[in-house]
>>> print(open('data.pdb').read())   # PDB, C-alpha atoms
ATOM      1  CA  MET A  25      20.448   0.793  49.104
ATOM      2  CA  THR A  26      18.516   1.350  52.307
ATOM      3  CA  PRO A  27      14.870   2.492  52.304
ATOM      4  CA  SER A  28      15.923   5.948  53.475
ATOM      5  CA  THR A  29      17.988   6.474  50.321
ATOM      6  CA  LEU A  30      15.181   5.462  47.942
ATOM      7  CA  ARG A  31      12.343   7.501  46.529
ATOM      8  CA  PRO A  32       9.245   5.316  46.880
ATOM      9  CA  ALA A  33       6.778   5.180  44.017
ATOM     10  CA  ALA A  34       4.181   7.919  44.496
ATOM     11  CA  VAL A  35       1.671   7.230  41.713
ATOM     12  CA  ALA A  36       1.691   3.430  41.411
ATOM     13  CA  GLY A  37      -1.942   2.341  41.462
ATOM     14  CA  LEU A  38      -3.004   5.777  40.226
ATOM     15  CA  PHE A  39      -1.215   6.512  36.958
ATOM     16  CA  TYR A  40      -0.180   2.912  36.290
ATOM     17  CA  PRO A  41      -0.762  -0.534  37.870
ATOM     18  CA  ALA A  42       0.811  -1.173  41.264
ATOM     19  CA  ALA A  43       1.073  -4.964  40.913
ATOM     20  CA  PRO A  44       4.439  -5.811  39.287
ATOM     21  CA  ALA A  45       3.124  -8.556  37.006
ATOM     22  CA  VAL A  46       0.191  -6.455  35.854
ATOM     23  CA  LEU A  47       2.415  -3.436  35.286
ATOM     24  CA  ARG A  48       4.943  -5.369  33.229
ATOM     25  CA  LYS A  49       2.169  -6.945  31.139
ATOM     26  CA  THR A  50       0.527  -3.555  30.623
ATOM     27  CA  VAL A  51       3.751  -1.973  29.378
ATOM     28  CA  GLN A  52       4.541  -4.946  27.145
ATOM     29  CA  GLU A  53       1.076  -4.832  25.601
ATOM     30  CA  LEU A  54       1.366  -1.104  24.983
ATOM     31  CA  LEU A  55       4.728  -1.631  23.264
ATOM     32  CA  GLN A  56       3.388  -4.496  21.181
ATOM     33  CA  GLY A  57       0.452  -2.349  20.103
ATOM     34  CA  ALA A  58       2.677   0.519  18.944
ATOM     35  CA  ALA A  59       3.579   0.802  15.289
ATOM     36  CA  PRO A  60       7.116  -0.462  14.576
ATOM     37  CA  PRO A  61       9.574   2.022  13.041
ATOM     38  CA  ALA A  62       9.941   1.972   9.281
ATOM     39  CA  GLN A  63      13.709   1.970   9.790
ATOM     40  CA  ASP A  64      15.968   1.646  12.824
ATOM     41  CA  ARG A  65      17.554   5.084  13.015
ATOM     42  CA  PRO A  66      19.583   5.870  16.139
ATOM     43  CA  VAL A  67      17.681   7.916  18.712
ATOM     44  CA  LYS A  68      19.432  10.512  20.847
ATOM     45  CA  ALA A  69      16.382  12.025  22.525
ATOM     46  CA  LEU A  70      12.678  11.453  23.025
ATOM     47  CA  ILE A  71       9.783  13.691  23.981
ATOM     48  CA  VAL A  72       7.121  11.549  25.664
ATOM     49  CA  PRO A  73       3.794  12.309  27.415
ATOM     50  CA  HIS A  74       3.247  11.580  31.098
ATOM     51  CA  ALA A  75      -0.441  11.097  31.877
ATOM     52  CA  GLY A  76      -1.982   7.930  33.243
ATOM     53  CA  TYR A  77      -1.230   4.960  31.040
ATOM     54  CA  VAL A  78      -4.882   4.535  30.044
ATOM     55  CA  TYR A  79      -4.732   8.023  28.533
ATOM     56  CA  SER A  80      -1.218   8.559  27.165
ATOM     57  CA  GLY A  81       0.316   5.082  27.365
ATOM     58  CA  PRO A  82      -0.312   4.219  23.692
ATOM     59  CA  ILE A  83       1.346   7.453  22.570
ATOM     60  CA  ALA A  84       4.314   6.989  24.917
ATOM     61  CA  ALA A  85       4.757   3.439  23.648
ATOM     62  CA  THR A  86       5.317   4.666  20.084
ATOM     63  CA  ALA A  87       8.395   6.496  21.366
ATOM     64  CA  TYR A  88       9.748   3.718  23.546
ATOM     65  CA  ARG A  89       9.384   1.173  20.769
ATOM     66  CA  ARG A  90      12.022   3.164  18.864
ATOM     67  CA  LEU A  91      14.626   2.160  21.432
ATOM     68  CA  HIS A  92      14.513  -1.558  20.647
ATOM     69  CA  ALA A  93      17.506  -1.637  18.298
ATOM     70  CA  GLN A  94      19.810   0.315  20.652
ATOM     71  CA  ALA A  95      18.470  -0.791  24.026
ATOM     72  CA  ALA A  96      21.580  -2.806  24.849
ATOM     73  CA  SER A  97      23.834   0.248  24.450
ATOM     74  CA  ILE A  98      21.846   2.721  26.579
ATOM     75  CA  ARG A  99      23.154   2.838  30.133
ATOM     76  CA  ARG A 100      22.168   6.338  31.239
ATOM     77  CA  VAL A 101      18.891   8.234  30.835
ATOM     78  CA  VAL A 102      18.870  11.978  31.439
ATOM     79  CA  LEU A 103      15.228  12.485  32.422
ATOM     80  CA  LEU A 104      13.686  15.951  32.601
ATOM     81  CA  GLY A 105      10.080  16.789  33.385
ATOM     82  CA  PRO A 106       8.097  19.725  34.710
ATOM     83  CA  ALA A 107       7.715  20.179  38.449
ATOM     84  CA  HIS A 108       3.957  20.052  39.056
ATOM     85  CA  ARG A 109       3.888  19.662  42.838
ATOM     86  CA  ALA A 110       6.469  22.010  44.321
ATOM     87  CA  PRO A 111       7.994  25.320  43.224
ATOM     88  CA  VAL A 112      11.492  25.052  41.783
ATOM     89  CA  ARG A 113      13.857  27.786  40.705
ATOM     90  CA  GLY A 114      16.046  26.049  38.154
ATOM     91  CA  LEU A 115      16.409  22.289  37.728
ATOM     92  CA  ALA A 116      16.157  20.112  40.829
ATOM     93  CA  LEU A 117      18.033  16.912  41.555
ATOM     94  CA  PRO A 118      16.877  14.670  44.413
ATOM     95  CA  ASN A 119      19.092  13.488  47.239
ATOM     96  CA  TRP A 120      17.934   9.891  46.849
ATOM     97  CA  THR A 121      20.327   7.363  45.333
ATOM     98  CA  GLY A 122      17.582   5.260  43.757
ATOM     99  CA  LEU A 123      14.021   5.562  42.458
ATOM    100  CA  GLN A 124      11.621   2.733  43.216
ATOM    101  CA  THR A 125       8.801   1.398  41.070
ATOM    102  CA  PRO A 126       6.870  -1.881  41.329
ATOM    103  CA  LEU A 127       9.388  -3.296  38.831
ATOM    104  CA  GLY A 128      12.410  -2.569  41.016
ATOM    105  CA  ILE A 129      14.931   0.151  41.748
ATOM    106  CA  VAL A 130      16.464   2.496  39.190
ATOM    107  CA  PRO A 131      19.796   3.842  40.493
ATOM    108  CA  VAL A 132      20.555   7.536  40.222
ATOM    109  CA  ASP A 133      23.654   8.032  38.080
ATOM    110  CA  GLN A 134      26.132   9.597  40.476
ATOM    111  CA  GLU A 135      28.674  10.421  37.769
ATOM    112  CA  GLY A 136      26.015  12.357  35.927
ATOM    113  CA  VAL A 137      25.011  14.156  39.108
ATOM    114  CA  ALA A 138      28.654  15.062  39.768
ATOM    115  CA  ALA A 139      28.998  16.431  36.232
ATOM    116  CA  LEU A 140      26.371  19.066  37.046
ATOM    117  CA  GLN A 141      28.265  20.464  40.022
ATOM    118  CA  GLY A 142      28.985  24.140  39.663
ATOM    119  CA  LEU A 143      25.948  24.949  37.515
ATOM    120  CA  PRO A 144      23.984  27.580  39.473
ATOM    121  CA  GLN A 145      20.669  26.561  37.907
ATOM    122  CA  VAL A 146      20.953  23.015  39.315
ATOM    123  CA  VAL A 147      19.655  22.675  42.876
ATOM    124  CA  ARG A 148      18.753  19.866  45.278
ATOM    125  CA  SER A 149      15.130  19.382  46.268
ATOM    126  CA  ASP A 150      13.454  16.200  47.474
ATOM    127  CA  PRO A 151      10.035  17.931  47.731
ATOM    128  CA  ALA A 152      10.181  18.657  44.004
ATOM    129  CA  HIS A 153      10.408  14.905  43.359
ATOM    130  CA  ALA A 154       8.449  13.337  46.198
ATOM    131  CA  ALA A 155       4.998  13.399  44.569
ATOM    132  CA  GLU A 156       6.028  14.246  41.001
ATOM    133  CA  HIS A 157       4.467  12.000  38.365
ATOM    134  CA  SER A 158       6.069  13.404  35.200
ATOM    135  CA  LEU A 159       9.339  11.560  35.845
ATOM    136  CA  GLU A 160       7.996   8.496  37.645
ATOM    137  CA  VAL A 161       5.610   7.342  34.915
ATOM    138  CA  GLN A 162       8.521   7.032  32.471
ATOM    139  CA  LEU A 163      10.461   4.617  34.660
ATOM    140  CA  PRO A 164       8.423   1.402  34.105
ATOM    141  CA  PHE A 165       8.634   1.895  30.337
ATOM    142  CA  LEU A 166      12.393   2.330  30.626
ATOM    143  CA  GLN A 167      12.712  -0.696  32.913
ATOM    144  CA  VAL A 168      10.913  -2.920  30.421
ATOM    145  CA  CYS A 169      12.709  -1.514  27.371
ATOM    146  CA  LEU A 170      16.261  -1.138  28.654
ATOM    147  CA  GLY A 171      16.809  -3.497  31.548
ATOM    148  CA  SER A 172      19.903  -2.194  33.366
ATOM    149  CA  PHE A 173      20.393   1.579  33.351
ATOM    150  CA  ALA A 174      20.836   4.563  35.650
ATOM    151  CA  VAL A 175      18.985   7.860  35.557
ATOM    152  CA  VAL A 176      19.732  11.532  36.113
ATOM    153  CA  PRO A 177      16.301  12.821  37.216
ATOM    154  CA  LEU A 178      15.665  16.544  36.997
ATOM    155  CA  ALA A 179      12.415  18.273  37.966
ATOM    156  CA  VAL A 180      12.365  21.494  35.975
ATOM    157  CA  GLY A 181      10.830  24.689  37.275
ATOM    158  CA  GLU A 182      11.605  28.305  36.463
ATOM    159  CA  ALA A 183      14.518  28.261  34.029
ATOM    160  CA  ARG A 184      15.592  29.615  30.675
ATOM    161  CA  ALA A 185      16.018  27.418  27.618
ATOM    162  CA  GLU A 186      19.738  28.212  27.638
ATOM    163  CA  GLN A 187      20.054  26.962  31.212
ATOM    164  CA  VAL A 188      18.333  23.686  30.352
ATOM    165  CA  ALA A 189      20.471  23.281  27.243
ATOM    166  CA  GLU A 190      23.619  23.824  29.317
ATOM    167  CA  VAL A 191      22.604  20.955  31.591
ATOM    168  CA  LEU A 192      21.954  18.698  28.597
ATOM    169  CA  GLU A 193      25.335  19.584  27.086
ATOM    170  CA  ARG A 194      27.089  18.535  30.308
ATOM    171  CA  LEU A 195      25.428  15.118  30.089
ATOM    172  CA  TRP A 196      25.250  14.680  26.296
ATOM    173  CA  GLY A 197      27.614  11.715  26.141
ATOM    174  CA  GLY A 198      27.509   9.197  23.320
ATOM    175  CA  PRO A 199      25.371   6.167  22.446
ATOM    176  CA  GLU A 200      25.231   5.208  26.121
ATOM    177  CA  THR A 201      23.158   8.321  26.968
ATOM    178  CA  LEU A 202      19.492   8.908  26.113
ATOM    179  CA  LEU A 203      17.916  12.307  26.679
ATOM    180  CA  LEU A 204      14.258  12.028  27.674
ATOM    181  CA  ILE A 205      11.864  14.957  28.064
ATOM    182  CA  SER A 206       8.519  14.276  29.728
ATOM    183  CA  SER A 207       5.743  16.611  28.569
ATOM    184  CA  ASP A 208       2.069  16.641  27.695
ATOM    185  CA  LEU A 209       0.733  19.202  25.217
ATOM    186  CA  SER A 210      -2.423  21.346  25.485
ATOM    187  CA  HIS A 211      -4.690  21.047  28.518
ATOM    188  CA  TYR A 212      -8.476  21.089  28.947
ATOM    189  CA  LEU A 213      -9.527  22.401  25.574
ATOM    190  CA  ASP A 214     -12.320  20.910  23.513
ATOM    191  CA  TYR A 215     -11.288  18.138  21.127
ATOM    192  CA  ASP A 216     -11.185  20.143  17.876
ATOM    193  CA  THR A 217      -9.430  23.153  19.409
ATOM    194  CA  ALA A 218      -6.857  20.894  21.030
ATOM    195  CA  ARG A 219      -6.159  19.091  17.763
ATOM    196  CA  GLN A 220      -5.527  22.399  16.032
ATOM    197  CA  LEU A 221      -3.245  23.789  18.742
ATOM    198  CA  ASP A 222      -1.329  20.522  19.159
ATOM    199  CA  ALA A 223      -0.760  20.302  15.401
ATOM    200  CA  GLN A 224       0.746  23.803  15.483
ATOM    201  CA  THR A 225       2.906  22.826  18.446
ATOM    202  CA  ALA A 226       4.096  19.672  16.701
ATOM    203  CA  HIS A 227       5.025  21.719  13.627
ATOM    204  CA  GLN A 228       7.034  24.059  15.851
ATOM    205  CA  ILE A 229       8.832  21.145  17.544
ATOM    206  CA  LEU A 230       9.655  19.570  14.183
ATOM    207  CA  ALA A 231      11.275  22.848  13.132
ATOM    208  CA  CYS A 232      13.115  23.184  16.502
ATOM    209  CA  ARG A 233      11.503  26.605  16.752
ATOM    210  CA  ILE A 234      11.365  28.048  20.253
ATOM    211  CA  PRO A 235       9.961  29.200  22.535
ATOM    212  CA  LEU A 236       6.996  26.961  23.197
ATOM    213  CA  SER A 237       4.593  28.367  25.772
ATOM    214  CA  HIS A 238       3.138  26.522  28.734
ATOM    215  CA  ASP A 239      -0.257  26.738  27.065
ATOM    216  CA  GLN A 240       1.230  24.556  24.343
ATOM    217  CA  ALA A 241       3.046  22.082  26.604
ATOM    218  CA  CYS A 242       3.277  21.688  30.378
ATOM    219  CA  GLY A 243       6.913  20.676  29.883
ATOM    220  CA  ALA A 244       7.641  23.636  27.627
ATOM    221  CA  THR A 245      10.731  24.667  29.611
ATOM    222  CA  PRO A 246      12.654  21.377  29.232
ATOM    223  CA  VAL A 247      11.369  20.941  25.666
ATOM    224  CA  ASN A 248      12.670  24.399  24.758
ATOM    225  CA  GLY A 249      16.064  23.522  26.209
ATOM    226  CA  LEU A 250      16.210  20.270  24.284
ATOM    227  CA  LEU A 251      15.238  21.949  21.009
ATOM    228  CA  LEU A 252      17.926  24.587  21.523
ATOM    229  CA  ALA A 253      20.545  21.876  22.074
ATOM    230  CA  ALA A 254      19.130  19.865  19.162
ATOM    231  CA  ARG A 255      19.666  22.771  16.783
ATOM    232  CA  ARG A 256      23.289  23.043  17.856
ATOM    233  CA  HIS A 257      23.883  19.327  17.296
ATOM    234  CA  GLY A 258      21.952  19.123  14.046
ATOM    235  CA  LEU A 259      19.432  16.628  15.390
ATOM    236  CA  VAL A 260      16.467  15.802  13.184
ATOM    237  CA  VAL A 261      13.042  15.660  14.849
ATOM    238  CA  GLU A 262      10.520  12.991  13.886
ATOM    239  CA  LEU A 263       6.850  13.060  14.878
ATOM    240  CA  LEU A 264       5.832   9.575  16.013
ATOM    241  CA  ASP A 265       2.317  10.106  17.332
ATOM    242  CA  LEU A 266      -0.059  12.988  18.023
ATOM    243  CA  ARG A 267      -3.337  12.330  19.804
ATOM    244  CA  ASN A 268      -5.249  13.408  22.870
ATOM    245  CA  SER A 269      -7.279  11.907  25.682
ATOM    246  CA  GLY A 270     -10.396  12.118  23.516
ATOM    247  CA  ASP A 271      -8.772   9.557  21.213
ATOM    248  CA  THR A 272      -7.796   7.151  23.979
ATOM    249  CA  ALA A 273      -9.903   7.035  27.124
ATOM    250  CA  GLY A 274     -11.585  10.364  27.845
ATOM    251  CA  ASP A 275     -14.516  12.443  26.672
ATOM    252  CA  ARG A 276     -14.024  15.145  24.059
ATOM    253  CA  ALA A 277     -15.298  18.160  25.971
ATOM    254  CA  ARG A 278     -12.034  18.769  27.861
ATOM    255  CA  VAL A 279      -8.992  16.900  26.587
ATOM    256  CA  VAL A 280      -5.237  16.774  27.190
ATOM    257  CA  GLY A 281      -2.917  16.581  24.207
ATOM    258  CA  TYR A 282      -0.122  14.042  23.830
ATOM    259  CA  GLY A 283       2.759  13.968  21.383
ATOM    260  CA  ALA A 284       5.656  11.569  20.930
ATOM    261  CA  PHE A 285       8.797  12.724  19.139
ATOM    262  CA  ALA A 286      12.172  11.141  18.406
ATOM    263  CA  LEU A 287      15.305  13.201  17.802
ATOM    264  CA  HIS A 288      17.918  11.583  15.591
ATOM    265  CA  PRO A 289      21.528  12.524  14.851
ATOM    266  CA  PRO A 290      22.164  13.685  11.285
ATOM    267  CA  GLN A 291      22.462  10.753   8.940
ATOM    268  CA  GLY A 292      25.914   9.772   7.757
ATOM    269  CA  PRO A 293      28.472   6.989   8.242
ATOM    270  CA  ASN A 294      30.345   8.894  10.969
ATOM    271  CA  SER A 295      27.470  10.713  12.628
ATOM    272  CA  PRO A 296      27.751  10.570  16.415
ATOM    273  CA  VAL A 297      24.760   9.890  18.635
TER     274      VAL A 297
END
>>> encode(input="data.pdb", output="structure tokens")
Amino acid sequence: MTPSTLRPAAVAGLFYPAAPAVLRKTVQELLQGAAPPAQDRPVKALIVPHAGYVYSGPIAATAYRRLHAQAASIRRVVLLGPAHRAPVRGLALPNWTGLQTPLGIVPVDQEGVAALQGLPQVVRSDPAHAAEHSLEVQLPFLQVCLGSFAVVPLAVGEARAEQVAEVLERLWGGPETLLLISSDLSHYLDYDTARQLDAQTAHQILACRIPLSHDQACGATPVNGLLLAARRHGLVVELLDLRNSGDTAGDRARVVGYGAFALHPPQGPNSPV
């Protein structure tokens, strides 16, 4: 890949360490500090926060730790997050063939991109990705946890839950495919109010009850699409962690909420991922 075909890291040194050795150590320490799963149930999808690692890293790590048992089988990550920096009508793919972080290059899965051809809600937009942190901050965690994989990165703007679910269905795949939704929860409420609202949101996610509003989650649009698809596939949602920046590294006057959720296929000897 030439530099012109790569998306350079935009928030290295801001949301996470820019030095490769420090970044890898930071992610490893976050994973080691996360509670191990009580049982190794297959994971089809994760909902993970996307703030700076000092704020949401411990919560994100509880989700990524769940991938340990199946890491060797995951080869494609379908990564959806809200578009914070540029307006998007639909779901935006970049034109780049690889995404760069201090830990290396993550290739864009061209087969996955091709599978989305013909969907009118899928567009191309490099500006939607150029400065977007919601997708980028997930990549170092994935690089440490999975090793070799490709990604289908989608910055989600104005779209209906059904449109997001249709994209996920096109890319659903089997055990080789992980669906990953990047979303924080409530924003800039006081600590106690945020805890109450985030608990209600978590209850709604556990029940796959939509729609979530953008007051509940900045990534409400992709979360709603995932929950719609999850209902159709009978996925079971598990709450892994629910905290906010007042619990990690911020004051409690104005906090941001973070939740980590794993979505599992229904249990049974022949249940597909």
>>> residues_around(input="data.pdb", residues="segment 287-292 of chain A", least_positions_apart="6", cutoff="6 Å", atoms="all atoms listed in the file", output="list in words")
Pro66, Val67, Lys68, Ala69, Leu259, Val260 and Val261 of chain A
>>> residues_around(input="data.pdb", residues="Ala110 of chain A", least_positions_apart="5", cutoff="12 Å", atoms="all atoms listed in the file", output="MDAnalysis selection string")
chainID A and resid 115:116 149:157 179:182
>>> resolve_selection(input="data.pdb", expression="the PyMOL selection byres ((chain A and resi 255) around 12)", output="number ranges by chain")
A: 189, 229-234, 248-254, 256-261, 287-290
>>> write_last_selection(input="data.pdb", atoms="C-alpha atoms", output="compact mmCIF listing (two decimals), keeping the file's coordinate frame")
# COMPACT_ATOMS: atom_id res chain seq x y z
CA ALA A 189 20.47 23.28 27.24
CA ILE A 229 8.83 21.14 17.54
CA LEU A 230 9.65 19.57 14.18
CA ALA A 231 11.28 22.85 13.13
CA CYS A 232 13.12 23.18 16.50
CA ARG A 233 11.50 26.60 16.75
CA ILE A 234 11.36 28.05 20.25
CA ASN A 248 12.67 24.40 24.76
CA GLY A 249 16.06 23.52 26.21
CA LEU A 250 16.21 20.27 24.28
CA LEU A 251 15.24 21.95 21.01
CA LEU A 252 17.93 24.59 21.52
CA ALA A 253 20.54 21.88 22.07
CA ALA A 254 19.13 19.86 19.16
CA ARG A 256 23.29 23.04 17.86
CA HIS A 257 23.88 19.33 17.30
CA GLY A 258 21.95 19.12 14.05
CA LEU A 259 19.43 16.63 15.39
CA VAL A 260 16.47 15.80 13.18
CA VAL A 261 13.04 15.66 14.85
CA LEU A 287 15.30 13.20 17.80
CA HIS A 288 17.92 11.58 15.59
CA PRO A 289 21.53 12.52 14.85
CA PRO A 290 22.16 13.68 11.28
>>> residues_near_point(input="data.pdb", point="(19.7, -4.5, 31.2)", cutoff="9 Å", atoms="all atoms listed in the file", output="list of chain:residue names")
A:Ala95, A:Ala96, A:Ile98, A:Arg99, A:Gln167, A:Val168, A:Cys169, A:Leu170, A:Gly171, A:Ser172, A:Phe173
>>> resolve_selection(input="data.pdb", expression="the PyMOL selection byres ((chain A and resi 103) around 12)", output="number ranges by chain")
A: 69-72, 100-102, 104-106, 115-117, 132-133, 136-137, 158-163, 166, 174-180, 188, 191-192, 195-196, 201-207, 243, 246-247, 250
>>> closest_atom_pairs(input="data.pdb", of="segment 174-273 of chain A", to="segment 45-64 of chain A", cutoff="12 Å", atoms="all atoms listed in the file", output="tab-separated table")
residue	atom	partner	partner_atom	distance
A:Glu262	CA	A:Pro61	CA	11.0
A:Leu263	CA	A:Pro61	CA	11.5
A:Leu264	CA	A:Pro61	CA	8.9
A:Asp265	CA	A:Ala59	CA	9.6
>>> atom_distance(input="data.pdb", atom1="atom CA of Ala33 of chain A", atom2="atom CA of Ala183 of chain A")
26.3 Å
>>> residues_near_point(input="data.pdb", point="(14.3, 6.7, 49.2)", cutoff="10 Å", atoms="all atoms listed in the file", output="PDB file with C-alpha atoms, in the coordinates of the input")
ATOM      1  CA  MET A  25      20.448   0.793  49.104  1.00  0.00           C
ATOM      2  CA  THR A  26      18.516   1.350  52.307  1.00  0.00           C
ATOM      3  CA  PRO A  27      14.870   2.492  52.304  1.00  0.00           C
ATOM      4  CA  SER A  28      15.923   5.948  53.475  1.00  0.00           C
ATOM      5  CA  THR A  29      17.988   6.474  50.321  1.00  0.00           C
ATOM      6  CA  LEU A  30      15.181   5.462  47.942  1.00  0.00           C
ATOM      7  CA  ARG A  31      12.343   7.501  46.529  1.00  0.00           C
ATOM      8  CA  PRO A  32       9.245   5.316  46.880  1.00  0.00           C
ATOM      9  CA  ALA A  33       6.778   5.180  44.017  1.00  0.00           C
ATOM     10  CA  PRO A 118      16.877  14.670  44.413  1.00  0.00           C
ATOM     11  CA  ASN A 119      19.092  13.488  47.239  1.00  0.00           C
ATOM     12  CA  TRP A 120      17.934   9.891  46.849  1.00  0.00           C
ATOM     13  CA  THR A 121      20.327   7.363  45.333  1.00  0.00           C
ATOM     14  CA  GLY A 122      17.582   5.260  43.757  1.00  0.00           C
ATOM     15  CA  LEU A 123      14.021   5.562  42.458  1.00  0.00           C
ATOM     16  CA  GLN A 124      11.621   2.733  43.216  1.00  0.00           C
ATOM     17  CA  ILE A 129      14.931   0.151  41.748  1.00  0.00           C
ATOM     18  CA  ASP A 150      13.454  16.200  47.474  1.00  0.00           C
ATOM     19  CA  ALA A 154       8.449  13.337  46.198  1.00  0.00           C
TER      20      ALA A 154
END
>>> build_atoms(input="data.pdb", residues="segment 211-229 of chain A", atoms="N, CA and C atoms", output="CSV table (one decimal), keeping the file's coordinate frame")
chain,number,residue,atom,x,y,z
A,211,HIS,N,-3.9,21.5,27.4
A,211,HIS,CA,-4.7,21.0,28.5
A,211,HIS,C,-6.1,21.6,28.5
A,212,TYR,N,-7.1,20.7,28.6
A,212,TYR,CA,-8.5,21.1,28.9
A,212,TYR,C,-9.2,22.0,27.9
A,213,LEU,N,-8.8,21.8,26.7
A,213,LEU,CA,-9.5,22.4,25.6
A,213,LEU,C,-10.5,21.4,25.0
A,214,ASP,N,-11.5,21.9,24.2
A,214,ASP,CA,-12.3,20.9,23.5
A,214,ASP,C,-11.5,20.2,22.4
A,215,TYR,N,-12.0,19.1,22.0
A,215,TYR,CA,-11.3,18.1,21.1
A,215,TYR,C,-10.7,18.8,19.9
A,216,ASP,N,-11.6,19.5,19.2
A,216,ASP,CA,-11.2,20.1,17.9
A,216,ASP,C,-10.2,21.3,18.1
A,217,THR,N,-10.4,22.1,19.1
A,217,THR,CA,-9.4,23.2,19.4
A,217,THR,C,-8.1,22.6,19.8
A,218,ALA,N,-8.1,21.5,20.6
A,218,ALA,CA,-6.9,20.9,21.0
A,218,ALA,C,-6.1,20.3,19.8
A,219,ARG,N,-6.8,19.7,19.0
A,219,ARG,CA,-6.2,19.1,17.8
A,219,ARG,C,-5.5,20.2,17.0
A,220,GLN,N,-6.1,21.3,16.8
A,220,GLN,CA,-5.5,22.4,16.0
A,220,GLN,C,-4.3,23.0,16.7
A,221,LEU,N,-4.4,23.2,18.0
A,221,LEU,CA,-3.2,23.8,18.7
A,221,LEU,C,-2.1,22.8,18.8
A,222,ASP,N,-2.4,21.5,19.1
A,222,ASP,CA,-1.3,20.5,19.2
A,222,ASP,C,-0.6,20.3,17.8
A,223,ALA,N,-1.4,20.4,16.7
A,223,ALA,CA,-0.8,20.3,15.4
A,223,ALA,C,0.2,21.5,15.2
A,224,GLN,N,-0.2,22.7,15.6
A,224,GLN,CA,0.7,23.8,15.5
A,224,GLN,C,2.0,23.6,16.3
A,225,THR,N,1.8,23.1,17.6
A,225,THR,CA,2.9,22.8,18.4
A,225,THR,C,3.8,21.8,17.9
A,226,ALA,N,3.3,20.7,17.3
A,226,ALA,CA,4.1,19.7,16.7
A,226,ALA,C,4.9,20.2,15.5
A,227,HIS,N,4.3,21.1,14.7
A,227,HIS,CA,5.0,21.7,13.6
A,227,HIS,C,6.2,22.5,14.1
A,228,GLN,N,6.0,23.2,15.3
A,228,GLN,CA,7.0,24.1,15.9
A,228,GLN,C,8.2,23.2,16.4
A,229,ILE,N,7.8,22.1,17.0
A,229,ILE,CA,8.8,21.1,17.5
A,229,ILE,C,9.6,20.5,16.4
